[in-house]
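Source file final.pdb; content: PDB, C-alpha atoms and all ligand atoms.
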ATOM      1  CA  MET A   1     -39.076 -32.607   4.159  1.00  0.00           C
ATOM      2  CA  LEU A   2     -38.624 -32.795   7.914  1.00  0.00           C
ATOM      3  CA  LYS A   3     -39.851 -35.834   9.823  1.00  0.00           C
ATOM      4  CA  ILE A   4     -39.860 -35.650  13.604  1.00  0.00           C
ATOM      5  CA  ILE A   5     -39.948 -38.513  16.093  1.00  0.00           C
ATOM      6  CA  ASN A   6     -40.082 -37.259  19.673  1.00  0.00           C
ATOM      7  CA  GLN A   7     -38.957 -39.741  22.331  1.00  0.00           C
ATOM      8  CA  VAL A   8     -39.862 -37.661  25.363  1.00  0.00           C
ATOM      9  CA  GLU A   9     -43.460 -37.860  26.501  1.00  0.00           C
ATOM     10  CA  GLY A  10     -44.898 -34.503  27.507  1.00  0.00           C
ATOM     11  CA  LEU A  11     -41.885 -32.483  26.391  1.00  0.00           C
ATOM     12  CA  ASP A  12     -41.839 -30.798  22.998  1.00  0.00           C
ATOM     13  CA  VAL A  13     -38.146 -31.107  22.160  1.00  0.00           C
ATOM     14  CA  TYR A  14     -38.732 -29.895  18.605  1.00  0.00           C
ATOM     15  CA  SER A  15     -40.178 -26.592  19.825  1.00  0.00           C
ATOM     16  CA  MET A  16     -37.263 -26.228  22.240  1.00  0.00           C
ATOM     17  CA  LEU A  17     -34.854 -26.607  19.312  1.00  0.00           C
ATOM     18  CA  LYS A  18     -36.881 -24.310  17.090  1.00  0.00           C
ATOM     19  CA  ASP A  19     -37.416 -21.632  19.746  1.00  0.00           C
ATOM     20  CA  THR A  20     -33.706 -21.449  20.553  1.00  0.00           C
ATOM     21  CA  GLY A  21     -32.743 -21.142  16.873  1.00  0.00           C
ATOM     22  CA  SER A  22     -31.069 -24.563  16.880  1.00  0.00           C
ATOM     23  CA  ILE A  23     -32.821 -25.519  13.654  1.00  0.00           C
ATOM     24  CA  MET A  24     -31.805 -23.168  10.870  1.00  0.00           C
ATOM     25  CA  GLU A  25     -33.266 -22.931   7.379  1.00  0.00           C
ATOM     26  CA  GLY A  26     -31.173 -22.118   4.316  1.00  0.00           C
ATOM     27  CA  HIS A  27     -28.887 -23.949   1.885  1.00  0.00           C
ATOM     28  CA  PHE A  28     -26.241 -25.901   3.735  1.00  0.00           C
ATOM     29  CA  LYS A  29     -23.392 -28.201   2.845  1.00  0.00           C
ATOM     30  CA  LEU A  30     -23.314 -30.951   5.439  1.00  0.00           C
ATOM     31  CA  THR A  31     -20.224 -32.724   6.763  1.00  0.00           C
ATOM     32  CA  SER A  32     -21.289 -35.706   4.672  1.00  0.00           C
ATOM     33  CA  GLY A  33     -21.048 -33.630   1.485  1.00  0.00           C
ATOM     34  CA  TYR A  34     -24.810 -33.601   0.902  1.00  0.00           C
ATOM     35  CA  HIS A  35     -26.811 -30.406   0.665  1.00  0.00           C
ATOM     36  CA  SER A  36     -29.821 -29.660   2.843  1.00  0.00           C
ATOM     37  CA  ASN A  37     -32.159 -26.814   3.586  1.00  0.00           C
ATOM     38  CA  TYR A  38     -32.002 -27.412   7.326  1.00  0.00           C
ATOM     39  CA  TYR A  39     -29.036 -27.228   9.643  1.00  0.00           C
ATOM     40  CA  LEU A  40     -28.882 -28.077  13.305  1.00  0.00           C
ATOM     41  CA  GLN A  41     -26.826 -26.102  15.768  1.00  0.00           C
ATOM     42  CA  CYS A  42     -27.578 -27.543  19.205  1.00  0.00           C
ATOM     43  CA  ALA A  43     -25.130 -25.133  20.856  1.00  0.00           C
ATOM     44  CA  ARG A  44     -27.871 -22.558  20.495  1.00  0.00           C
ATOM     45  CA  LEU A  45     -30.138 -24.589  22.774  1.00  0.00           C
ATOM     46  CA  LEU A  46     -27.261 -25.432  25.087  1.00  0.00           C
ATOM     47  CA  GLN A  47     -26.740 -21.718  25.735  1.00  0.00           C
ATOM     48  CA  TYR A  48     -29.488 -22.123  28.310  1.00  0.00           C
ATOM     49  CA  PRO A  49     -28.368 -24.306  31.216  1.00  0.00           C
ATOM     50  CA  ASP A  50     -31.852 -24.613  32.689  1.00  0.00           C
ATOM     51  CA  THR A  51     -33.217 -25.940  29.394  1.00  0.00           C
ATOM     52  CA  ALA A  52     -30.224 -28.241  28.940  1.00  0.00           C
ATOM     53  CA  LEU A  53     -30.564 -29.573  32.473  1.00  0.00           C
ATOM     54  CA  LYS A  54     -34.243 -30.286  31.915  1.00  0.00           C
ATOM     55  CA  LEU A  55     -33.347 -32.302  28.811  1.00  0.00           C
ATOM     56  CA  ALA A  56     -30.507 -34.109  30.607  1.00  0.00           C
ATOM     57  CA  ARG A  57     -32.826 -35.152  33.441  1.00  0.00           C
ATOM     58  CA  ARG A  58     -35.419 -36.429  31.001  1.00  0.00           C
ATOM     59  CA  ALA A  59     -32.763 -38.342  29.071  1.00  0.00           C
ATOM     60  CA  LEU A  60     -31.580 -40.014  32.266  1.00  0.00           C
ATOM     61  CA  ASP A  61     -35.187 -40.907  33.167  1.00  0.00           C
ATOM     62  CA  ILE A  62     -35.336 -42.850  29.897  1.00  0.00           C
ATOM     63  CA  VAL A  63     -31.918 -44.461  30.316  1.00  0.00           C
ATOM     64  CA  LYS A  64     -32.621 -45.387  33.960  1.00  0.00           C
ATOM     65  CA  LYS A  65     -35.181 -47.928  32.816  1.00  0.00           C
ATOM     66  CA  ASP A  66     -32.307 -50.042  31.434  1.00  0.00           C
ATOM     67  CA  ILE A  67     -29.175 -48.897  33.222  1.00  0.00           C
ATOM     68  CA  ASP A  68     -28.227 -48.035  36.798  1.00  0.00           C
ATOM     69  CA  THR A  69     -27.243 -44.441  36.098  1.00  0.00           C
ATOM     70  CA  GLY A  70     -26.205 -43.999  39.746  1.00  0.00           C
ATOM     71  CA  SER A  71     -23.278 -46.339  39.128  1.00  0.00           C
ATOM     72  CA  ILE A  72     -21.856 -44.317  36.214  1.00  0.00           C
ATOM     73  CA  ASP A  73     -18.324 -43.076  36.911  1.00  0.00           C
ATOM     74  CA  ALA A  74     -17.983 -40.584  34.072  1.00  0.00           C
ATOM     75  CA  VAL A  75     -19.621 -39.074  31.019  1.00  0.00           C
ATOM     76  CA  VAL A  76     -17.254 -38.850  28.042  1.00  0.00           C
ATOM     77  CA  SER A  77     -17.932 -36.505  25.123  1.00  0.00           C
ATOM     78  CA  PRO A  78     -16.195 -35.630  21.893  1.00  0.00           C
ATOM     79  CA  ALA A  79     -15.271 -31.915  21.789  1.00  0.00           C
ATOM     80  CA  ILE A  80     -16.742 -29.465  21.074  1.00  0.00           C
ATOM     81  CA  GLY A  81     -20.384 -30.293  20.400  1.00  0.00           C
ATOM     82  CA  GLY A  82     -20.706 -32.972  23.048  1.00  0.00           C
ATOM     83  CA  ILE A  83     -19.157 -31.059  25.934  1.00  0.00           C
ATOM     84  CA  LEU A  84     -22.084 -29.014  27.220  1.00  0.00           C
ATOM     85  CA  TRP A  85     -24.541 -31.868  26.812  1.00  0.00           C
ATOM     86  CA  GLY A  86     -22.191 -34.311  28.496  1.00  0.00           C
ATOM     87  CA  TYR A  87     -21.563 -31.847  31.302  1.00  0.00           C
ATOM     88  CA  MET A  88     -25.282 -31.546  32.000  1.00  0.00           C
ATOM     89  CA  LEU A  89     -25.761 -35.310  31.937  1.00  0.00           C
ATOM     90  CA  ALA A  90     -22.870 -35.680  34.387  1.00  0.00           C
ATOM     91  CA  TYR A  91     -24.307 -32.975  36.632  1.00  0.00           C
ATOM     92  CA  ALA A  92     -27.730 -34.640  36.587  1.00  0.00           C
ATOM     93  CA  SER A  93     -26.307 -38.072  37.354  1.00  0.00           C
ATOM     94  CA  GLY A  94     -23.737 -36.911  39.897  1.00  0.00           C
ATOM     95  CA  CYS A  95     -20.572 -38.103  38.180  1.00  0.00           C
ATOM     96  CA  ARG A  96     -17.568 -36.454  36.571  1.00  0.00           C
ATOM     97  CA  MET A  97     -17.310 -35.460  32.930  1.00  0.00           C
ATOM     98  CA  ILE A  98     -14.319 -35.634  30.606  1.00  0.00           C
ATOM     99  CA  PHE A  99     -13.915 -34.976  26.911  1.00  0.00           C
ATOM    100  CA  THR A 100     -11.828 -36.091  23.982  1.00  0.00           C
ATOM    101  CA  GLU A 101     -10.477 -33.691  21.406  1.00  0.00           C
ATOM    102  CA  ARG A 102      -8.624 -33.568  18.145  1.00  0.00           C
ATOM    103  CA  LYS A 103      -5.230 -31.925  18.241  1.00  0.00           C
ATOM    104  CA  THR A 104      -4.341 -33.594  14.940  1.00  0.00           C
ATOM    105  CA  ASP A 105      -6.628 -35.863  12.906  1.00  0.00           C
ATOM    106  CA  ARG A 106      -6.710 -38.298  15.790  1.00  0.00           C
ATOM    107  CA  MET A 107      -9.185 -38.017  18.665  1.00  0.00           C
ATOM    108  CA  GLU A 108      -7.426 -38.160  22.021  1.00  0.00           C
ATOM    109  CA  LEU A 109      -7.986 -37.920  25.752  1.00  0.00           C
ATOM    110  CA  ARG A 110      -5.805 -34.988  26.809  1.00  0.00           C
ATOM    111  CA  ARG A 111      -5.461 -32.573  29.747  1.00  0.00           C
ATOM    112  CA  GLY A 112      -4.645 -35.393  32.157  1.00  0.00           C
ATOM    113  CA  PHE A 113      -8.166 -36.813  31.869  1.00  0.00           C
ATOM    114  CA  GLU A 114      -8.238 -40.485  32.818  1.00  0.00           C
ATOM    115  CA  MET A 115     -10.557 -43.471  32.633  1.00  0.00           C
ATOM    116  CA  ASP A 116      -9.880 -46.267  35.072  1.00  0.00           C
ATOM    117  CA  PRO A 117     -10.097 -49.839  33.786  1.00  0.00           C
ATOM    118  CA  GLY A 118     -13.599 -51.156  34.425  1.00  0.00           C
ATOM    119  CA  SER A 119     -15.082 -47.701  35.040  1.00  0.00           C
ATOM    120  CA  LYS A 120     -18.645 -47.343  33.805  1.00  0.00           C
ATOM    121  CA  VAL A 121     -19.066 -44.575  31.277  1.00  0.00           C
ATOM    122  CA  ILE A 122     -21.767 -42.916  29.207  1.00  0.00           C
ATOM    123  CA  ILE A 123     -20.816 -41.308  25.911  1.00  0.00           C
ATOM    124  CA  ALA A 124     -22.639 -38.053  25.146  1.00  0.00           C
ATOM    125  CA  GLU A 125     -22.919 -36.130  21.887  1.00  0.00           C
ATOM    126  CA  ASP A 126     -25.313 -33.325  20.992  1.00  0.00           C
ATOM    127  CA  VAL A 127     -26.221 -34.463  17.470  1.00  0.00           C
ATOM    128  CA  ILE A 128     -25.381 -37.808  15.899  1.00  0.00           C
ATOM    129  CA  THR A 129     -25.225 -37.757  12.118  1.00  0.00           C
ATOM    130  CA  THR A 130     -22.565 -40.175  10.922  1.00  0.00           C
ATOM    131  CA  GLY A 131     -21.597 -41.332  14.416  1.00  0.00           C
ATOM    132  CA  GLY A 132     -17.937 -40.994  13.480  1.00  0.00           C
ATOM    133  CA  SER A 133     -16.817 -38.977  16.515  1.00  0.00           C
ATOM    134  CA  VAL A 134     -18.714 -41.260  18.893  1.00  0.00           C
ATOM    135  CA  LYS A 135     -17.027 -44.299  17.358  1.00  0.00           C
ATOM    136  CA  GLU A 136     -13.660 -42.677  17.997  1.00  0.00           C
ATOM    137  CA  VAL A 137     -14.635 -42.054  21.627  1.00  0.00           C
ATOM    138  CA  ILE A 138     -15.754 -45.702  21.912  1.00  0.00           C
ATOM    139  CA  GLU A 139     -12.317 -46.734  20.680  1.00  0.00           C
ATOM    140  CA  ILE A 140     -10.614 -44.565  23.333  1.00  0.00           C
ATOM    141  CA  CYS A 141     -12.871 -46.107  26.012  1.00  0.00           C
ATOM    142  CA  ARG A 142     -11.832 -49.562  24.834  1.00  0.00           C
ATOM    143  CA  GLU A 143      -8.155 -48.666  24.888  1.00  0.00           C
ATOM    144  CA  ASN A 144      -8.644 -47.584  28.502  1.00  0.00           C
ATOM    145  CA  LYS A 145     -10.692 -50.735  29.271  1.00  0.00           C
ATOM    146  CA  ALA A 146     -13.665 -48.614  30.359  1.00  0.00           C
ATOM    147  CA  ASP A 147     -17.114 -50.196  30.341  1.00  0.00           C
ATOM    148  CA  VAL A 148     -19.394 -48.251  27.951  1.00  0.00           C
ATOM    149  CA  LYS A 149     -22.979 -48.427  29.226  1.00  0.00           C
ATOM    150  CA  ALA A 150     -24.764 -46.140  26.771  1.00  0.00           C
ATOM    151  CA  VAL A 151     -24.529 -43.485  24.100  1.00  0.00           C
ATOM    152  CA  ILE A 152     -26.881 -40.507  24.571  1.00  0.00           C
ATOM    153  CA  SER A 153     -27.591 -37.684  22.131  1.00  0.00           C
ATOM    154  CA  ILE A 154     -30.139 -34.893  22.062  1.00  0.00           C
ATOM    155  CA  VAL A 155     -30.810 -35.342  18.354  1.00  0.00           C
ATOM    156  CA  ASP A 156     -30.441 -38.418  16.200  1.00  0.00           C
ATOM    157  CA  ARG A 157     -30.277 -37.594  12.542  1.00  0.00           C
ATOM    158  CA  SER A 158     -28.426 -40.678  11.424  1.00  0.00           C
ATOM    159  CA  GLU A 159     -29.904 -43.089   8.956  1.00  0.00           C
ATOM    160  CA  LYS A 160     -29.015 -46.111  11.035  1.00  0.00           C
ATOM    161  CA  PRO A 161     -26.819 -45.684  14.083  1.00  0.00           C
ATOM    162  CA  GLU A 162     -24.400 -48.600  14.357  1.00  0.00           C
ATOM    163  CA  PHE A 163     -23.002 -48.569  17.844  1.00  0.00           C
ATOM    164  CA  GLU A 164     -22.384 -51.793  19.733  1.00  0.00           C
ATOM    165  CA  TYR A 165     -23.888 -50.178  22.843  1.00  0.00           C
ATOM    166  CA  PRO A 166     -27.404 -49.065  23.756  1.00  0.00           C
ATOM    167  CA  TYR A 167     -28.147 -45.780  22.028  1.00  0.00           C
ATOM    168  CA  TYR A 168     -30.669 -43.228  23.322  1.00  0.00           C
ATOM    169  CA  TYR A 169     -31.779 -39.931  21.868  1.00  0.00           C
ATOM    170  CA  LEU A 170     -34.484 -37.415  22.724  1.00  0.00           C
ATOM    171  CA  ILE A 171     -35.634 -36.643  19.221  1.00  0.00           C
ATOM    172  CA  LYS A 172     -35.052 -38.115  15.800  1.00  0.00           C
ATOM    173  CA  LEU A 173     -35.074 -35.708  12.879  1.00  0.00           C
ATOM    174  CA  GLU A 174     -35.170 -37.063   9.382  1.00  0.00           C
ATOM    175  CA  ILE A 175     -34.016 -34.163   7.276  1.00  0.00           C
ATOM    176  CA  GLU A 176     -34.095 -34.510   3.529  1.00  0.00           C
ATOM    177  CA  LYS A 177     -30.709 -34.116   1.914  1.00  0.00           C
ATOM    178  CA  TYR A 178     -29.599 -33.875  -1.678  1.00  0.00           C
ATOM    179  CA  GLU A 179     -26.648 -34.971  -3.787  1.00  0.00           C
ATOM    180  CA  PRO A 180     -24.984 -31.697  -4.884  1.00  0.00           C
ATOM    181  CA  SER A 181     -25.727 -32.606  -8.534  1.00  0.00           C
ATOM    182  CA  ALA A 182     -29.421 -33.080  -7.755  1.00  0.00           C
ATOM    183  CA  CYS A 183     -29.859 -30.199  -5.321  1.00  0.00           C
ATOM    184  CA  ARG A 184     -32.965 -28.092  -5.819  1.00  0.00           C
ATOM    185  CA  LEU A 185     -31.418 -25.194  -3.876  1.00  0.00           C
ATOM    186  CA  CYS A 186     -28.334 -25.203  -6.122  1.00  0.00           C
ATOM    187  CA  ARG A 187     -30.580 -25.009  -9.161  1.00  0.00           C
ATOM    188  CA  GLU A 188     -32.265 -21.984  -7.588  1.00  0.00           C
ATOM    189  CA  ASN A 189     -28.788 -20.409  -7.144  1.00  0.00           C
ATOM    190  CA  GLN A 190     -29.243 -20.042  -3.405  1.00  0.00           C
ATOM    191  CA  PRO A 191     -25.875 -19.300  -1.787  1.00  0.00           C
ATOM    192  CA  LEU A 192     -24.339 -22.354  -0.156  1.00  0.00           C
ATOM    193  CA  VAL A 193     -23.312 -22.172   3.490  1.00  0.00           C
ATOM    194  CA  TYR A 194     -20.676 -24.420   5.083  1.00  0.00           C
ATOM    195  CA  PRO A 195     -21.747 -24.488   8.701  1.00  0.00           C
ATOM    196  CA  GLY A 196     -19.775 -27.495   9.904  1.00  0.00           C
ATOM    197  CA  SER A 197     -16.213 -27.626  11.173  1.00  0.00           C
ATOM    198  CA  LYS A 198     -14.960 -29.945   8.464  1.00  0.00           C
ATOM    199  CA  LYS A 199     -15.150 -28.711   4.885  1.00  0.00           C
ATOM    200  CA  LYS A 200     -15.177 -31.475   2.319  1.00  0.00           C
TER     201      LYS A 200
HETATM  202 ZN    ZN A 301     -27.244 -27.395  -3.054  1.00  0.00          ZN
END
Would it be possible to restate this file's structure as structure tokens?
Ligand SMILES: [Zn+2]
Amino acid sequence: MLKIINQVEGLDVYSMLKDTGSIMEGHFKLTSGYHSNYYLQCARLLQYPDTALKLARRALDIVKKDIDTGSIDAVVSPAIGGILWGYMLAYASGCRMIFTERKTDRMELRRGFEMDPGSKVIIAEDVITTGGSVKEVIEICRENKADVKAVISIVDRSEKPEFEYPYYYLIKLEIEKYEPSACRLCRENQPLVYPGSKKK
């Protein structure tokens, strides 16, 4: 029902998620429209800066093997989920952090945030499921001619991430999901919860 692949040697990321209440059990309608009996809310873990910083440092240790993280100019995150994680990664790598947000349907860089042409950036998101928000951030980076070096998430729960850039995550969770018409929890009349921001 729940398959876990931990990428971080010597650090039990699953327990950190579980202990902070970031993995919830119930009957959830996911952004994708599927139903599931697990829901992830990484903001619960990110309440604790010391824990988040520990994870950010470990993530950079992994990324450092391939990329000169000292040369990164900025971490860019999609609001809201990616902000705290991106901020910690920026703090740990000594660069600035900016975020994109959705005022309308379109993701934008607002608040006077800028990316210089050729600047080296890392894209950060807390959980990657469909990868849709990250793809929109990639597009904004391209429009600004920034050089995307990596995408980093805490949790990967995608089936197959399709970014054209190196993608790193700390833990992969394969959570079983159901078509609404074939949902065991629906058949048991368990109340359905819509935890995400986008109802479909
Ligand atoms: Zn259901």
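Once the PyMOL selection byres (((chain A and resi 76) around 7) and not hetatm) is applied to the shown structure, the selection contains Ala74, Val75, Ser77, Gly86, Met97, Ile98, Phe99, Val121, Ile122, Ile123 and Ala124 of chain A.
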Name the residues that the PyMOL selection byres (((chain A and resi 169) around 8) and not hetatm) pulls out of this structure, and write them as a PDB file with C-alpha atoms, in the frame of the given file.
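That gives us part-v1.pdb:
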ATOM      1  CA  GLN A   7     -38.957 -39.741  22.331  1.00  0.00           C
ATOM      2  CA  ALA A  59     -32.763 -38.342  29.071  1.00  0.00           C
ATOM      3  CA  ILE A 152     -26.881 -40.507  24.571  1.00  0.00           C
ATOM      4  CA  SER A 153     -27.591 -37.684  22.131  1.00  0.00           C
ATOM      5  CA  ILE A 154     -30.139 -34.893  22.062  1.00  0.00           C
ATOM      6  CA  VAL A 155     -30.810 -35.342  18.354  1.00  0.00           C
ATOM      7  CA  ASP A 156     -30.441 -38.418  16.200  1.00  0.00           C
ATOM      8  CA  TYR A 167     -28.147 -45.780  22.028  1.00  0.00           C
ATOM      9  CA  TYR A 168     -30.669 -43.228  23.322  1.00  0.00           C
ATOM     10  CA  LEU A 170     -34.484 -37.415  22.724  1.00  0.00           C
ATOM     11  CA  ILE A 171     -35.634 -36.643  19.221  1.00  0.00           C
ATOM     12  CA  LYS A 172     -35.052 -38.115  15.800  1.00  0.00           C
TER      13      LYS A 172
END
Tell me which residues come within 12 Å of (-14.0, -40.7, 31.5), as a VMD selection string, counting all atoms listed in the file in the file's coordinates. chain A and resid 72 to 78 86 to 87 90 95 to 100 108 to 124 137 to 138 140 to 148
Near-Arg58 in chain A list (10 Å; all atoms listed in the file; drop same-chain fewer than 2 positions) as number ranges by chain: A: 7-9, 11, 52-56, 60-64, 89, 92, 170
Which residues of chain A have any atom within 9 Å of an atom in ligand ZN 301 (chain A) when counting all atoms listed in the file, and what is the closest pair of atoms for each, with the distance in Å to one decimal? Order the rows by chain and rising number and write it as a Markdown table.
| residue | atom | partner | partner_atom | distance |
| --- | --- | --- | --- | --- |
| A:His27 | CA | A:ZN301 | ZN | 6.2 |
| A:Phe28 | CA | A:ZN301 | ZN | 7.0 |
| A:Lys29 | CA | A:ZN301 | ZN | 7.1 |
| A:Tyr34 | CA | A:ZN301 | ZN | 7.8 |
| A:His35 | CA | A:ZN301 | ZN | 4.8 |
| A:Ser36 | CA | A:ZN301 | ZN | 6.8 |
| A:Asn37 | CA | A:ZN301 | ZN | 8.3 |
| A:Tyr178 | CA | A:ZN301 | ZN | 7.0 |
| A:Glu179 | CA | A:ZN301 | ZN | 7.6 |
| A:Pro180 | CA | A:ZN301 | ZN | 5.2 |
| A:Ser181 | CA | A:ZN301 | ZN | 7.7 |
| A:Ala182 | CA | A:ZN301 | ZN | 7.7 |
| A:Cys183 | CA | A:ZN301 | ZN | 4.5 |
| A:Arg184 | CA | A:ZN301 | ZN | 6.4 |
| A:Leu185 | CA | A:ZN301 | ZN | 4.8 |
| A:Cys186 | CA | A:ZN301 | ZN | 3.9 |
| A:Arg187 | CA | A:ZN301 | ZN | 7.4 |
| A:Glu188 | CA | A:ZN301 | ZN | 8.7 |
| A:Asn189 | CA | A:ZN301 | ZN | 8.2 |
| A:Gln190 | CA | A:ZN301 | ZN | 7.6 |
| A:Pro191 | CA | A:ZN301 | ZN | 8.3 |
| A:Leu192 | CA | A:ZN301 | ZN | 6.5 |
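Between CA of Pro161 in chain A and CA of Asn6 in chain A there is a distance of 16.7 Å.
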Min atom-atom distance to Ile128 in chain A from the set A:Glu25, A:Glu162, A:Asp66, A:Asp50, counting only C-alpha atoms, belongs to A:Glu162
Take CA of Glu139 in chain A and CA of Gly94 in chain A and report the distance between them in Å, one decimal.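 If I compute the distance from CA of Glu139 in chain A to CA of Gly94 in chain A, I get 24.4 Å.
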Which residue, A:Val193, A:Val13, A:Met88, A:Ala79, has the smallest gap to Leu46 in chain A when you use all atoms listed in the file? A:Met88
d(CA of Gly70 in chain A, CA of Asp12 in chain A) in Å: 26.4 Å
Using all atoms listed in the file, find the one residue out of A:Arg102, A:Ile67, A:Gln47, A:Ile80 that sits nearest to Tyr165 in chain A.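 Closest to Tyr165 in chain A, using all atoms listed in the file: A:Ile67.
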May I ask you to restore N, CA and C atoms in range 28-42 of chain A and write the result as a PDB file, in the coordinates of the input?
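Saved to out-v6.pdb:
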ATOM      1  N   PHE A  28     -27.434 -25.524   2.985  1.00  0.00           N
ATOM      2  CA  PHE A  28     -26.241 -25.901   3.735  1.00  0.00           C
ATOM      3  C   PHE A  28     -25.526 -27.075   3.099  1.00  0.00           C
ATOM      4  N   LYS A  29     -24.189 -27.039   3.217  1.00  0.00           N
ATOM      5  CA  LYS A  29     -23.392 -28.201   2.845  1.00  0.00           C
ATOM      6  C   LYS A  29     -23.051 -28.946   4.128  1.00  0.00           C
ATOM      7  N   LEU A  30     -23.511 -30.163   4.225  1.00  0.00           N
ATOM      8  CA  LEU A  30     -23.314 -30.951   5.439  1.00  0.00           C
ATOM      9  C   LEU A  30     -21.930 -31.600   5.440  1.00  0.00           C
ATOM     10  N   THR A  31     -21.521 -32.052   6.625  1.00  0.00           N
ATOM     11  CA  THR A  31     -20.224 -32.724   6.763  1.00  0.00           C
ATOM     12  C   THR A  31     -20.123 -33.905   5.790  1.00  0.00           C
ATOM     13  N   SER A  32     -21.254 -34.538   5.548  1.00  0.00           N
ATOM     14  CA  SER A  32     -21.289 -35.706   4.672  1.00  0.00           C
ATOM     15  C   SER A  32     -21.112 -35.355   3.195  1.00  0.00           C
ATOM     16  N   GLY A  33     -21.179 -34.051   2.875  1.00  0.00           N
ATOM     17  CA  GLY A  33     -21.048 -33.630   1.485  1.00  0.00           C
ATOM     18  C   GLY A  33     -22.393 -33.349   0.833  1.00  0.00           C
ATOM     19  N   TYR A  34     -23.468 -33.849   1.442  1.00  0.00           N
ATOM     20  CA  TYR A  34     -24.810 -33.601   0.902  1.00  0.00           C
ATOM     21  C   TYR A  34     -25.235 -32.160   1.176  1.00  0.00           C
ATOM     22  N   HIS A  35     -26.222 -31.720   0.419  1.00  0.00           N
ATOM     23  CA  HIS A  35     -26.811 -30.406   0.665  1.00  0.00           C
ATOM     24  C   HIS A  35     -28.161 -30.578   1.341  1.00  0.00           C
ATOM     25  N   SER A  36     -28.560 -29.573   2.119  1.00  0.00           N
ATOM     26  CA  SER A  36     -29.821 -29.660   2.843  1.00  0.00           C
ATOM     27  C   SER A  36     -30.356 -28.262   3.059  1.00  0.00           C
ATOM     28  N   ASN A  37     -31.661 -28.150   3.261  1.00  0.00           N
ATOM     29  CA  ASN A  37     -32.159 -26.814   3.586  1.00  0.00           C
ATOM     30  C   ASN A  37     -32.440 -26.641   5.079  1.00  0.00           C
ATOM     31  N   TYR A  38     -31.958 -27.599   5.877  1.00  0.00           N
ATOM     32  CA  TYR A  38     -32.002 -27.412   7.326  1.00  0.00           C
ATOM     33  C   TYR A  38     -30.617 -27.672   7.897  1.00  0.00           C
ATOM     34  N   TYR A  39     -30.280 -26.951   8.922  1.00  0.00           N
ATOM     35  CA  TYR A  39     -29.036 -27.228   9.643  1.00  0.00           C
ATOM     36  C   TYR A  39     -29.291 -27.117  11.140  1.00  0.00           C
ATOM     37  N   LEU A  40     -28.697 -28.032  11.855  1.00  0.00           N
ATOM     38  CA  LEU A  40     -28.882 -28.077  13.305  1.00  0.00           C
ATOM     39  C   LEU A  40     -27.677 -27.485  14.003  1.00  0.00           C
ATOM     40  N   GLN A  41     -27.918 -26.632  14.948  1.00  0.00           N
ATOM     41  CA  GLN A  41     -26.826 -26.102  15.768  1.00  0.00           C
ATOM     42  C   GLN A  41     -27.299 -26.160  17.229  1.00  0.00           C
ATOM     43  N   CYS A  42     -27.076 -27.317  17.849  1.00  0.00           N
ATOM     44  CA  CYS A  42     -27.578 -27.543  19.205  1.00  0.00           C
ATOM     45  C   CYS A  42     -26.944 -26.622  20.238  1.00  0.00           C
TER      46      CYS A  42
END
